[in-house]
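Participant: Got run.cif for you, mmCIF, C-alpha atoms:
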```cif
data_work
#
loop_
_atom_site.label_atom_id
_atom_site.label_comp_id
_atom_site.auth_asym_id
_atom_site.auth_seq_id
_atom_site.Cartn_x
_atom_site.Cartn_y
_atom_site.Cartn_z
CA MET A 20 -132.86 -15.30 -10.23
CA GLN A 21 -135.03 -14.41 -13.22
CA THR A 22 -138.42 -12.75 -12.65
CA ILE A 23 -141.48 -13.18 -14.86
CA THR A 24 -144.85 -11.45 -14.86
CA ARG A 25 -147.98 -13.10 -13.52
CA GLN A 26 -149.37 -13.28 -17.03
CA GLN A 27 -146.24 -15.09 -18.21
CA ALA A 28 -146.58 -17.50 -15.27
CA ARG A 29 -150.19 -18.18 -16.25
CA GLN A 30 -149.29 -18.67 -19.89
CA PHE A 31 -146.46 -21.04 -19.04
CA ILE A 32 -148.69 -23.19 -16.81
CA LEU A 33 -151.47 -23.38 -19.39
CA ALA A 34 -149.09 -24.11 -22.27
CA LYS A 35 -147.40 -26.84 -20.23
CA GLN A 36 -150.74 -28.40 -19.37
CA GLY A 37 -152.04 -28.25 -22.94
CA LEU A 38 -154.85 -25.81 -22.19
CA ILE A 39 -153.84 -23.00 -24.54
CA GLY A 40 -152.71 -22.88 -28.16
CA LYS A 41 -153.08 -25.82 -30.54
CA TYR A 42 -154.08 -29.14 -29.00
CA ARG A 43 -151.00 -31.09 -27.93
CA PHE A 44 -152.97 -34.14 -26.83
CA THR A 45 -155.32 -35.97 -29.21
CA GLY A 46 -157.37 -39.16 -28.87
CA LYS A 47 -156.54 -42.15 -26.68
CA ASP A 48 -152.79 -41.85 -27.19
CA GLY A 49 -153.05 -38.20 -26.18
CA ALA A 50 -155.00 -39.09 -23.05
CA TYR A 51 -152.28 -41.55 -22.04
CA ALA A 52 -149.54 -39.03 -22.84
CA TYR A 53 -151.21 -36.40 -20.67
CA VAL A 54 -151.51 -38.76 -17.68
CA CYS A 55 -147.83 -39.62 -18.08
CA GLN A 56 -146.99 -35.89 -18.07
CA ALA A 57 -149.16 -35.16 -15.04
CA GLY A 58 -148.00 -38.25 -13.18
CA CYS A 59 -151.48 -38.80 -11.83
CA ILE A 60 -155.00 -37.49 -12.21
CA GLN A 61 -157.44 -37.69 -9.34
CA PHE A 62 -160.35 -40.09 -9.38
CA ASP A 63 -163.72 -39.18 -7.88
CA PRO A 64 -166.80 -41.39 -8.34
CA VAL A 65 -169.33 -38.53 -8.52
CA ASP A 66 -170.75 -38.35 -12.04
CA VAL A 67 -172.86 -35.25 -12.66
CA CYS A 68 -171.51 -34.34 -16.09
CA GLY A 69 -168.63 -36.82 -16.23
CA LYS A 70 -166.32 -38.15 -13.52
CA ASN A 71 -163.43 -35.93 -12.46
CA ALA A 72 -160.76 -37.92 -14.33
CA GLU A 73 -162.87 -37.88 -17.50
CA LEU A 74 -163.47 -34.14 -17.16
CA THR A 75 -159.75 -33.56 -16.68
CA LEU A 76 -159.01 -35.28 -19.98
CA GLN A 77 -161.88 -33.77 -21.99
CA SER A 78 -160.64 -30.25 -21.30
CA ARG A 79 -157.25 -30.78 -22.96
CA VAL A 80 -157.44 -33.92 -25.13
CA LYS A 81 -158.94 -33.35 -28.57
CA ASN A 82 -161.71 -35.81 -29.50
CA PHE A 83 -161.59 -37.45 -26.06
CA LYS A 84 -164.30 -40.01 -25.28
CA LYS A 85 -165.00 -41.59 -21.90
CA THR A 86 -164.44 -45.06 -23.35
CA MET A 87 -160.81 -44.12 -24.00
CA LEU A 88 -160.02 -43.85 -20.30
CA HIS A 89 -161.92 -47.07 -19.61
CA ASP A 90 -159.88 -48.89 -22.24
CA LEU A 91 -156.55 -47.48 -21.00
CA LEU A 92 -157.42 -48.70 -17.50
CA TYR A 93 -159.17 -52.01 -18.04
CA LYS A 94 -158.26 -53.26 -21.52
CA ASP A 95 -154.84 -51.88 -22.42
CA ARG A 96 -153.77 -51.81 -18.73
CA LYS A 97 -151.50 -48.85 -19.45
CA LEU A 98 -153.05 -47.05 -16.47
CA VAL A 99 -153.98 -48.22 -12.96
CA ASP A 100 -156.26 -47.00 -10.18
CA TYR A 101 -154.32 -46.63 -6.94
CA ALA A 102 -153.39 -44.15 -4.25
CA ASP A 103 -151.20 -41.14 -4.98
CA LYS A 104 -152.87 -37.76 -4.61
CA GLU A 105 -155.71 -39.47 -2.76
CA LEU A 106 -157.39 -41.97 -5.11
CA SER A 107 -155.75 -41.49 -8.47
CA ILE A 108 -155.09 -42.87 -11.92
CA TRP A 109 -151.48 -43.16 -13.02
CA PRO A 110 -149.25 -45.01 -15.53
CA SER A 111 -148.75 -48.72 -14.85
CA GLU A 112 -145.04 -48.26 -15.54
CA ASP A 113 -144.80 -46.33 -12.26
CA TRP A 114 -145.88 -49.41 -10.26
CA PRO A 115 -142.34 -50.16 -8.96
CA TYR A 116 -142.02 -46.68 -7.43
CA PHE A 117 -144.95 -47.33 -5.09
CA SER A 118 -143.60 -50.57 -3.63
CA SER A 119 -143.10 -48.78 -0.30
CA TYR A 120 -146.87 -48.09 -0.24
CA ARG A 121 -147.57 -51.77 -0.69
CA GLU A 122 -144.96 -52.83 1.86
CA ARG A 123 -146.46 -50.53 4.46
CA SER A 124 -149.93 -51.79 3.62
CA ARG A 125 -148.85 -55.38 4.24
CA LYS A 126 -147.34 -54.38 7.57
CA LEU A 127 -150.24 -52.24 8.83
CA GLY A 128 -152.92 -54.55 7.51
CA ARG A 129 -151.85 -57.52 9.59
CA THR A 130 -153.34 -56.28 12.86
CA PHE A 131 -156.53 -58.34 12.42
CA LYS A 132 -155.83 -61.88 13.59
CA GLY A 133 -157.99 -63.73 11.08
CA LEU A 134 -157.15 -61.64 8.04
CA LYS A 135 -154.50 -63.93 6.57
CA LYS A 136 -156.94 -66.86 6.43
CA LEU A 137 -159.62 -64.72 4.77
CA GLU A 138 -157.13 -63.40 2.23
CA LYS A 139 -156.19 -66.96 1.27
CA GLU A 140 -159.88 -67.80 0.80
CA ALA A 141 -160.42 -64.70 -1.33
CA ILE A 142 -157.41 -65.35 -3.59
CA GLY A 143 -158.45 -68.97 -4.03
CA TYR A 144 -161.97 -67.93 -5.00
CA ILE A 145 -160.73 -65.31 -7.49
CA GLU A 146 -158.26 -67.80 -9.02
CA ALA A 147 -161.12 -70.20 -9.64
CA ASN A 148 -163.93 -67.78 -10.52
CA GLY A 149 -162.42 -64.60 -11.86
CA PRO A 150 -163.13 -60.96 -10.91
CA VAL A 151 -165.29 -60.30 -7.85
CA SER A 152 -166.88 -57.39 -6.01
CA SER A 153 -167.55 -57.24 -2.30
CA ASP A 154 -171.09 -58.43 -3.02
CA SER A 155 -170.06 -61.49 -4.99
CA LEU A 156 -167.15 -62.68 -2.82
CA PRO A 157 -168.58 -65.42 -0.52
CA ILE A 158 -167.00 -64.20 2.69
CA GLU A 159 -169.52 -63.22 5.31
CA GLY A 160 -169.40 -61.33 8.58
CA GLU A 161 -167.91 -58.12 9.86
CA ILE A 162 -164.46 -57.27 11.16
CA PHE A 163 -162.59 -54.38 12.73
CA TRP A 164 -160.49 -52.96 9.94
CA HIS A 165 -158.87 -49.79 8.63
CA SER A 166 -157.68 -48.92 5.17
CA SER A 167 -153.94 -48.56 4.96
CA MET A 168 -154.42 -46.86 1.60
CA HIS A 169 -154.27 -43.50 3.36
CA TRP A 170 -152.34 -44.74 6.41
CA SER A 171 -154.82 -42.93 8.62
CA GLY A 172 -154.89 -45.45 11.43
CA ASN A 173 -158.60 -44.76 11.93
CA TRP A 174 -160.43 -47.98 12.71
CA GLN A 175 -163.72 -48.63 10.98
CA LYS A 176 -165.92 -50.73 13.24
CA ASN A 177 -168.15 -53.45 11.82
CA SER A 178 -166.74 -53.25 8.31
CA GLN A 179 -168.04 -55.82 5.83
CA ALA A 180 -165.49 -58.65 5.83
CA ALA A 181 -165.54 -59.23 2.06
CA ARG A 182 -164.99 -55.56 1.32
CA SER A 183 -162.22 -55.30 3.90
CA VAL A 184 -160.33 -58.31 2.55
CA LEU A 185 -160.54 -57.07 -1.03
CA GLU A 186 -159.40 -53.57 -0.09
CA GLN A 187 -156.48 -54.99 1.89
CA LEU A 188 -155.35 -57.22 -0.97
CA TYR A 189 -155.75 -54.27 -3.31
CA THR A 190 -153.56 -51.96 -1.25
CA ASP A 191 -151.07 -54.82 -0.83
CA GLY A 192 -150.81 -54.97 -4.62
CA GLU A 193 -152.10 -58.55 -4.84
CA LEU A 194 -155.24 -57.36 -6.62
CA VAL A 195 -156.00 -54.62 -9.12
CA ILE A 196 -159.34 -53.16 -10.12
CA HIS A 197 -160.58 -55.25 -13.03
CA HIS A 198 -163.43 -52.90 -13.92
CA LYS A 199 -166.14 -50.75 -12.37
CA LYS A 200 -169.90 -50.69 -12.69
CA GLY A 201 -170.93 -47.27 -11.50
CA SER A 202 -169.13 -46.88 -8.18
CA ARG A 203 -168.84 -50.64 -7.57
CA LYS A 204 -165.33 -52.04 -7.99
CA TYR A 205 -164.51 -55.52 -9.29
CA TYR A 206 -161.11 -56.95 -8.39
CA ASP A 207 -158.84 -59.49 -10.02
CA LEU A 208 -155.31 -60.80 -9.48
CA ALA A 209 -152.66 -58.25 -10.41
CA ALA A 210 -150.56 -61.01 -11.99
CA ARG A 211 -153.28 -61.52 -14.61
CA HIS A 212 -153.17 -57.93 -15.83
CA LEU A 213 -149.78 -56.33 -15.18
CA PRO A 214 -146.59 -57.58 -16.89
CA GLN A 215 -144.29 -59.69 -14.76
CA ASN A 216 -141.36 -57.36 -15.41
CA ILE A 217 -143.37 -54.49 -13.85
CA LEU A 218 -144.65 -56.51 -10.90
CA GLU A 219 -141.20 -57.85 -10.05
CA ALA A 220 -139.18 -54.70 -10.79
CA GLU A 221 -137.14 -53.23 -7.96
CA ASN A 222 -138.09 -49.86 -6.60
CA PRO A 223 -135.91 -47.29 -8.41
CA CYS A 224 -135.98 -45.17 -5.22
CA LYS A 225 -133.69 -46.71 -2.63
CA THR A 226 -134.63 -44.35 0.21
CA ASP A 227 -137.70 -42.48 1.44
CA GLU A 228 -135.96 -39.23 0.52
CA GLU A 229 -135.44 -40.36 -3.07
CA PHE A 230 -139.12 -41.33 -3.29
CA MET A 231 -140.18 -37.96 -1.90
CA CYS A 232 -137.99 -36.11 -4.41
CA TRP A 233 -139.39 -38.20 -7.27
CA ARG A 234 -142.92 -37.36 -6.22
CA VAL A 235 -142.19 -33.65 -5.75
CA LEU A 236 -140.66 -33.55 -9.24
CA ARG A 237 -143.76 -35.28 -10.59
CA ARG A 238 -146.10 -32.78 -8.92
CA ILE A 239 -144.11 -29.86 -10.32
CA GLY A 240 -144.50 -31.43 -13.75
CA ALA A 241 -148.24 -31.83 -13.21
CA LEU A 242 -148.80 -28.14 -12.50
CA GLY A 243 -145.93 -26.81 -14.58
CA LEU A 244 -144.95 -24.16 -12.07
CA LEU A 245 -145.11 -24.70 -8.32
CA TRP A 246 -144.02 -22.46 -5.48
CA ASP A 247 -141.93 -23.11 -2.37
CA LYS A 248 -144.90 -22.96 -0.08
CA ASN A 249 -147.22 -25.31 1.76
CA SER A 250 -149.41 -26.53 -1.07
CA THR A 251 -152.34 -28.88 -1.51
CA ALA A 252 -150.56 -29.93 -4.71
CA PHE A 253 -148.35 -32.02 -2.40
CA LEU A 254 -151.33 -33.86 -0.88
CA GLY A 255 -150.55 -37.54 -0.32
CA ILE A 256 -146.82 -36.97 0.12
CA ASP A 257 -145.27 -37.25 3.58
CA ILE A 258 -143.84 -33.74 3.51
CA ASN A 259 -143.49 -30.64 5.67
CA ALA A 260 -141.73 -27.31 5.14
CA ALA A 261 -138.28 -28.66 5.99
CA LYS A 262 -138.67 -31.74 3.79
CA ARG A 263 -140.06 -29.65 0.96
CA LYS A 264 -137.12 -27.26 1.02
CA LYS A 265 -134.72 -30.21 1.17
CA ALA A 266 -136.37 -31.87 -1.83
CA LEU A 267 -136.29 -28.63 -3.84
CA GLU A 268 -132.60 -28.17 -2.99
CA ILE A 269 -131.75 -31.71 -4.06
CA LEU A 270 -133.71 -31.45 -7.32
CA THR A 271 -132.08 -28.08 -8.06
CA ASP A 272 -128.59 -29.42 -7.37
CA GLU A 273 -129.30 -32.38 -9.63
CA GLY A 274 -130.33 -29.99 -12.39
CA LYS A 275 -133.87 -31.37 -12.60
CA ILE A 276 -135.67 -28.13 -11.68
CA ILE A 277 -135.05 -24.40 -12.14
CA SER A 278 -136.13 -21.62 -9.79
CA ILE A 279 -137.82 -18.42 -10.94
CA MET A 280 -139.60 -15.48 -9.32
CA VAL A 281 -143.04 -14.14 -10.19
CA GLU A 282 -143.66 -10.43 -9.78
CA GLY A 283 -145.37 -9.48 -6.53
CA ILE A 284 -144.94 -12.92 -4.92
CA LYS A 285 -142.31 -13.57 -2.25
CA GLN A 286 -141.88 -17.31 -2.69
CA PRO A 287 -139.74 -18.66 -5.53
CA PHE A 288 -141.38 -20.93 -8.09
CA TYR A 289 -139.92 -24.02 -9.71
CA TYR A 290 -140.34 -25.69 -13.08
CA ARG A 291 -138.78 -28.78 -14.62
CA SER A 292 -135.54 -28.25 -16.53
CA GLU A 293 -137.01 -30.10 -19.51
CA ASP A 294 -139.48 -27.20 -19.87
CA SER A 295 -136.76 -24.55 -20.29
CA GLU A 296 -137.50 -24.10 -23.99
CA LEU A 297 -141.19 -23.52 -23.28
CA MET A 298 -140.34 -20.98 -20.58
CA ARG A 299 -138.05 -19.16 -23.01
CA ASP A 300 -140.76 -19.10 -25.68
CA VAL A 301 -143.28 -17.65 -23.22
CA ILE A 302 -140.86 -14.96 -22.06
CA GLU A 303 -139.84 -14.06 -25.63
CA GLY A 304 -143.45 -14.03 -26.82
CA THR A 305 -142.99 -16.82 -29.38
CA ALA A 306 -145.08 -19.52 -27.65
CA ASP A 307 -148.34 -20.71 -29.19
CA LEU A 308 -150.92 -18.96 -27.01
CA LYS A 309 -153.94 -18.99 -29.30
CA PRO A 310 -157.02 -18.76 -27.02
CA ARG A 311 -159.13 -21.84 -26.39
CA MET A 312 -162.09 -22.29 -24.07
CA SER A 313 -162.21 -25.22 -21.66
CA PHE A 314 -164.41 -26.35 -18.79
CA ILE A 315 -162.08 -27.40 -15.98
CA ALA A 316 -162.71 -30.31 -13.59
CA PRO A 317 -163.01 -29.51 -9.85
CA LEU A 318 -159.99 -31.71 -9.01
CA ASP A 319 -158.05 -30.98 -12.20
CA PRO A 320 -154.27 -30.66 -11.68
CA LEU A 321 -154.67 -27.00 -12.66
CA MET A 322 -156.88 -26.54 -9.58
CA TRP A 323 -154.78 -28.54 -7.12
CA ASP A 324 -153.49 -25.41 -5.39
CA LYS A 325 -156.36 -22.94 -5.12
CA ALA A 326 -154.15 -20.44 -3.27
CA LEU A 327 -151.81 -20.43 -6.27
CA ILE A 328 -154.79 -19.96 -8.61
CA LEU A 329 -155.90 -16.98 -6.53
CA ALA A 330 -152.39 -15.50 -6.50
CA LEU A 331 -151.80 -15.84 -10.26
CA TRP A 332 -155.32 -15.52 -11.69
CA ASP A 333 -157.19 -13.59 -9.00
CA PHE A 334 -159.82 -16.32 -9.31
CA GLN A 335 -161.34 -17.85 -6.20
CA TYR A 336 -162.87 -21.27 -6.69
CA SER A 337 -164.62 -23.47 -4.18
CA TRP A 338 -166.08 -26.85 -5.05
CA GLU A 339 -169.53 -26.56 -3.47
CA ILE A 340 -170.62 -30.17 -3.83
CA TYR A 341 -170.45 -30.65 -0.04
CA THR A 342 -171.83 -27.20 0.77
CA PRO A 343 -175.48 -27.12 1.94
CA ALA A 344 -177.74 -25.92 -0.89
CA ASP A 345 -178.84 -22.77 0.93
CA LYS A 346 -175.21 -21.75 1.47
CA ARG A 347 -173.94 -22.27 -2.08
CA LYS A 348 -172.88 -19.19 -3.99
CA TYR A 349 -172.93 -21.05 -7.27
CA GLY A 350 -174.12 -24.59 -8.13
CA TYR A 351 -173.76 -28.15 -6.90
CA TYR A 352 -171.19 -29.09 -9.53
CA THR A 353 -169.83 -26.01 -11.24
CA LEU A 354 -166.82 -26.05 -13.54
CA PRO A 355 -164.42 -23.11 -13.95
CA VAL A 356 -164.48 -21.70 -17.48
CA LEU A 357 -161.04 -20.97 -18.91
CA PHE A 358 -160.64 -18.81 -22.01
CA GLY A 359 -157.19 -17.89 -23.24
CA ASP A 360 -155.07 -17.24 -20.16
CA ARG A 361 -157.99 -16.11 -17.94
CA PHE A 362 -160.73 -17.68 -15.90
CA VAL A 363 -163.80 -15.95 -17.28
CA GLY A 364 -166.54 -17.66 -15.28
CA ARG A 365 -168.17 -20.88 -14.08
CA ILE A 366 -170.74 -23.14 -15.64
CA GLU A 367 -173.22 -25.68 -14.35
CA ALA A 368 -174.22 -28.05 -17.16
CA VAL A 369 -176.08 -31.28 -16.41
CA PRO A 370 -176.92 -33.95 -19.01
CA ASP A 371 -180.23 -35.81 -19.01
CA ARG A 372 -179.00 -39.19 -20.19
CA LYS A 373 -182.51 -40.43 -20.96
CA THR A 374 -183.50 -37.58 -23.25
CA GLY A 375 -180.03 -36.74 -24.54
CA VAL A 376 -180.38 -33.07 -23.58
CA LEU A 377 -177.60 -31.07 -21.90
CA ALA A 378 -179.18 -28.53 -19.58
CA VAL A 379 -177.00 -25.45 -19.03
CA ARG A 380 -178.46 -24.40 -15.71
CA ASN A 381 -176.38 -21.31 -15.25
CA ILE A 382 -173.25 -19.45 -16.27
CA TRP A 383 -171.66 -17.03 -13.83
CA TRP A 384 -169.29 -14.57 -15.52
CA GLU A 385 -166.39 -12.91 -13.72
CA ASP A 386 -166.50 -9.16 -13.26
CA GLY A 387 -165.26 -7.18 -16.24
CA ILE A 388 -165.73 -9.91 -18.83
CA ARG A 389 -166.82 -8.44 -22.17
CA HIS A 390 -169.23 -10.58 -24.17
CA THR A 391 -167.52 -10.25 -27.51
CA LYS A 392 -168.37 -12.24 -30.61
CA ILE A 393 -165.16 -14.24 -30.13
CA LEU A 394 -166.12 -15.16 -26.54
CA ASN A 395 -169.69 -16.08 -27.45
CA THR A 396 -168.56 -18.20 -30.39
CA ALA A 397 -166.05 -20.01 -28.19
CA LEU A 398 -168.74 -20.65 -25.58
CA GLU A 399 -171.17 -22.02 -28.16
CA ARG A 400 -168.52 -24.35 -29.56
CA THR A 401 -167.33 -25.55 -26.15
CA VAL A 402 -170.86 -26.23 -24.87
CA LYS A 403 -171.57 -28.20 -28.06
CA GLU A 404 -168.41 -30.27 -27.57
CA PHE A 405 -169.30 -30.79 -23.91
CA ALA A 406 -172.74 -32.03 -24.93
CA GLY A 407 -171.13 -34.53 -27.28
CA PHE A 408 -168.76 -35.65 -24.52
CA ASN A 409 -171.88 -36.43 -22.45
CA ASN A 410 -173.65 -38.17 -25.37
CA CYS A 411 -176.21 -35.38 -25.69
CA LYS A 412 -177.55 -34.21 -29.04
CA GLU A 413 -179.50 -31.20 -27.79
CA ILE A 414 -178.68 -28.23 -25.56
CA GLU A 415 -181.10 -26.28 -23.39
CA TYR A 416 -180.15 -23.02 -21.70
CA LEU A 417 -182.21 -22.57 -18.52
CA ASN A 418 -180.91 -19.20 -17.45
#
```
Take the structure from the file and write it as structure tokens.
Facilitator:
Amino acid sequence: MQTITRQQARQFILAKQGLIGKYRFTGKDGAYAYVCQAGCIQFDPVDVCGKNAELTLQSRVKNFKKTMLHDLLYKDRKLVDYADKELSIWPSEDWPYFSSYRERSRKLGRTFKGLKKLEKEAIGYIEANGPVSSDSLPIEGEIFWHSSMHWSGNWQKNSQAARSVLEQLYTDGELVIHHKKGSRKYYDLAARHLPQNILEAENPCKTDEEFMCWRVLRRIGALGLLWDKNSTAFLGIDINAAKRKKALEILTDEGKIISIMVEGIKQPFYYRSEDSELMRDVIEGTADLKPRMSFIAPLDPLMWDKALILALWDFQYSWEIYTPADKRKYGYYTLPVLFGDRFVGRIEAVPDRKTGVLAVRNIWWEDGIRHTKILNTALERTVKEFAGFNNCKEIEYLN
């Protein structure tokens, strides 16, 4: 089995993800192409300097604007919000693969006796009146309910009936998210927004094992290089060590993935066979590795496996949004700063949307980083682009 250096592993991952060299993804088409490559990008409603999915795209899609993701989701309908790696955004064309999710939702969601009647009322109201939120759906009361989206089995007592019915129909696949206002979701009938050939398509995966292998292959493609180890990159997949090894064996035998070793690390890594040319270019030193600077989202696919980041980059990142203020080492919503093939620091930049000023509250540099003219110029350019991404015309450095 071939062995590569850690630097080559880093370069391969970044080149695959479009975070080094010339931009491979540009504009709205580029945003869609990247989501297709990653399989899914995680959604998080917190908006400090952009929502997680928007931040993920701005770091690697040239000229990306937040409206592009909105249009792909709610106008073009080329993307959907649904479960995958927790709440995620993924290509609508993958809808048939997740039919087992929806089937299980229909089965688990039928434990409340009066739910079927309420669902009929909700669908009838939406058919007549269009998209609704839990506040505008005229179903009152509270019910015992749990979300089968995560299959947790944890009952939520006294849940708002309207919200519960909409969430159930959504996980069943009867409804899709029509649009959002802030964190509030508005639902409409899936049949109004997704093509019939997608809604009625058979699941390409005939068994649970096939579905697991498809998802493992997709996650390998999202990171570029993934090791045979318990990994948070597999979050949302029903998998353990034995199932993981089985999936990797099957995908290897089918010629869909290739194994490789990284110096100093015991576990083998895997990459998709379609990326063989890129791996060869990285090893031979012919890949486009021109340095770029990017601010990386907390739940970016690059950061899905923080143990892998530590092993390959010697960079330890913790998202401190849920850490009490007095215990934070850095800021409430800090973004890793990537330059070339290294993490060089973290930044906390918060836009004031009323004044149009981006406040750079702090930058924490990693040990040993030299503040060269090239680095400082890259920082100035990236902060300026980040300000534009957040509709800010001015920048203020506070520290």
Participant: What would the selection look like, as a ChimeraX atom specification, if the PyMOL selection byres ((chain A and resi 257-268) around 10) were run on the coordinates I just shared?
Facilitator: /A:227-236,247-250,253-256,269-278,289
Participant: Go ahead and write the residues just picked, C-alpha atoms, as a PDB file, in the coordinates of the input.
Facilitator:
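Result went into again00.pdb, see below:
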```
ATOM      1  CA  ASP A 227    -137.700 -42.480   1.440  1.00  0.00           C
ATOM      2  CA  GLU A 228    -135.960 -39.230   0.520  1.00  0.00           C
ATOM      3  CA  GLU A 229    -135.440 -40.360  -3.070  1.00  0.00           C
ATOM      4  CA  PHE A 230    -139.120 -41.330  -3.290  1.00  0.00           C
ATOM      5  CA  MET A 231    -140.180 -37.960  -1.900  1.00  0.00           C
ATOM      6  CA  CYS A 232    -137.990 -36.110  -4.410  1.00  0.00           C
ATOM      7  CA  TRP A 233    -139.390 -38.200  -7.270  1.00  0.00           C
ATOM      8  CA  ARG A 234    -142.920 -37.360  -6.220  1.00  0.00           C
ATOM      9  CA  VAL A 235    -142.190 -33.650  -5.750  1.00  0.00           C
ATOM     10  CA  LEU A 236    -140.660 -33.550  -9.240  1.00  0.00           C
ATOM     11  CA  ASP A 247    -141.930 -23.110  -2.370  1.00  0.00           C
ATOM     12  CA  LYS A 248    -144.900 -22.960  -0.080  1.00  0.00           C
ATOM     13  CA  ASN A 249    -147.220 -25.310   1.760  1.00  0.00           C
ATOM     14  CA  SER A 250    -149.410 -26.530  -1.070  1.00  0.00           C
ATOM     15  CA  PHE A 253    -148.350 -32.020  -2.400  1.00  0.00           C
ATOM     16  CA  LEU A 254    -151.330 -33.860  -0.880  1.00  0.00           C
ATOM     17  CA  GLY A 255    -150.550 -37.540  -0.320  1.00  0.00           C
ATOM     18  CA  ILE A 256    -146.820 -36.970   0.120  1.00  0.00           C
ATOM     19  CA  ILE A 269    -131.750 -31.710  -4.060  1.00  0.00           C
ATOM     20  CA  LEU A 270    -133.710 -31.450  -7.320  1.00  0.00           C
ATOM     21  CA  THR A 271    -132.080 -28.080  -8.060  1.00  0.00           C
ATOM     22  CA  ASP A 272    -128.590 -29.420  -7.370  1.00  0.00           C
ATOM     23  CA  GLU A 273    -129.300 -32.380  -9.630  1.00  0.00           C
ATOM     24  CA  GLY A 274    -130.330 -29.990 -12.390  1.00  0.00           C
ATOM     25  CA  LYS A 275    -133.870 -31.370 -12.600  1.00  0.00           C
ATOM     26  CA  ILE A 276    -135.670 -28.130 -11.680  1.00  0.00           C
ATOM     27  CA  ILE A 277    -135.050 -24.400 -12.140  1.00  0.00           C
ATOM     28  CA  SER A 278    -136.130 -21.620  -9.790  1.00  0.00           C
ATOM     29  CA  TYR A 289    -139.920 -24.020  -9.710  1.00  0.00           C
TER      30      TYR A 289
END
```
Participant: Assuming 3 Å of padding per side, give the centre and edge lengths of the axis-aligned box around every listed atom of region 53-64 of chain A, in Å to one decimal and as JSON.
Facilitator:
```
{"center_x": -156.9, "center_y": -38.3, "center_z": -14.3, "size_x": 25.8, "size_y": 12.2, "size_z": 18.8}
```
Participant: I'd like the residues picked by the PyMOL selection byres ((chain A and resi 24-35) around 6) written out as a PyMOL selection string, using the chain letters and numbers from the file.
Facilitator: chain A and resi 23+36-39+243+281-282+331+360
Participant: Convert the current residue selection to file output with C-alpha atoms, as an mmCIF file, keeping the file's coordinate frame.
Facilitator:
```cif
data_model
loop_
_atom_site.group_PDB
_atom_site.id
_atom_site.type_symbol
_atom_site.label_atom_id
_atom_site.label_comp_id
_atom_site.auth_asym_id
_atom_site.auth_seq_id
_atom_site.Cartn_x
_atom_site.Cartn_y
_atom_site.Cartn_z
ATOM 1 C CA ILE A 23 -141.480 -13.180 -14.860
ATOM 2 C CA GLN A 36 -150.740 -28.400 -19.370
ATOM 3 C CA GLY A 37 -152.040 -28.250 -22.940
ATOM 4 C CA LEU A 38 -154.850 -25.810 -22.190
ATOM 5 C CA ILE A 39 -153.840 -23.000 -24.540
ATOM 6 C CA GLY A 243 -145.930 -26.810 -14.580
ATOM 7 C CA VAL A 281 -143.040 -14.140 -10.190
ATOM 8 C CA GLU A 282 -143.660 -10.430 -9.780
ATOM 9 C CA LEU A 331 -151.800 -15.840 -10.260
ATOM 10 C CA ASP A 360 -155.070 -17.240 -20.160
#
```
Participant: For Val99 (chain A), which residue among A:Gly283, A:Pro157, A:Pro223, A:Gly192 is the nearest when counting all atoms listed in the file?
Facilitator: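 Counting all atoms listed in the file, the residue closest to Val99 (chain A) is A:Gly192.
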Participant: Just checking: using all atoms listed in the file, which residue out of A:Asp95, A:Asp294, A:Asp90, A:Glu146 ends up closest to His212 (chain A)?
Facilitator: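 Using all atoms listed in the file, the shortest distance to His212 (chain A) belongs to A:Asp95.
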Participant: In Å to one decimal, how far is CA of Glu112 (chain A) from CA of Ala57 (chain A)?
Facilitator: 13.7 Å
Participant: What do you get, as a CSV table (one decimal) with C-alpha atoms, in the coordinates of the input, if you spell out every residue that the PyMOL selection byres ((chain A and resi 197) around 10) selects here?
Facilitator:
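The file below, out_15.csv, is the result:
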```csv
chain,number,residue,atom,x,y,z
A,92,LEU,CA,-157.4,-48.7,-17.5
A,93,TYR,CA,-159.2,-52.0,-18.0
A,94,LYS,CA,-158.3,-53.3,-21.5
A,96,ARG,CA,-153.8,-51.8,-18.7
A,99,VAL,CA,-154.0,-48.2,-13.0
A,100,ASP,CA,-156.3,-47.0,-10.2
A,149,GLY,CA,-162.4,-64.6,-11.9
A,150,PRO,CA,-163.1,-61.0,-10.9
A,151,VAL,CA,-165.3,-60.3,-7.8
A,152,SER,CA,-166.9,-57.4,-6.0
A,194,LEU,CA,-155.2,-57.4,-6.6
A,195,VAL,CA,-156.0,-54.6,-9.1
A,196,ILE,CA,-159.3,-53.2,-10.1
A,198,HIS,CA,-163.4,-52.9,-13.9
A,199,LYS,CA,-166.1,-50.8,-12.4
A,204,LYS,CA,-165.3,-52.0,-8.0
A,205,TYR,CA,-164.5,-55.5,-9.3
A,206,TYR,CA,-161.1,-57.0,-8.4
A,207,ASP,CA,-158.8,-59.5,-10.0
A,208,LEU,CA,-155.3,-60.8,-9.5
A,209,ALA,CA,-152.7,-58.2,-10.4
A,211,ARG,CA,-153.3,-61.5,-14.6
A,212,HIS,CA,-153.2,-57.9,-15.8
```
Participant: Can you tell me how far CA of Arg400 (chain A) sits from CA of Val301 (chain A), in Å to one decimal?
Facilitator: 26.9 Å
Participant: One decimal, in Å: what's the spacing between CA of Leu245 (chain A) and CA of Glu73 (chain A)?
Facilitator: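 It comes out at 23.9 Å.
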Participant: Find the residues near Met280 (chain A): any atom within 7 Å, counting all atoms listed in the file, skip ones fewer than 2 places away on the same chain, and give them as a list in words.
Facilitator: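 My list of contacting residues is Met20, Gln21, Thr22, Ile23, Glu282, Pro287 and Phe288 of chain A.
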Participant: Quick one: residues within 7 Å of region 351-358 of chain A, only C-alpha atoms counted, chain neighbours fewer than 2 positions away excluded, as a ChimeraX atom specification?
Facilitator: /A:310-317,339-340,360-367
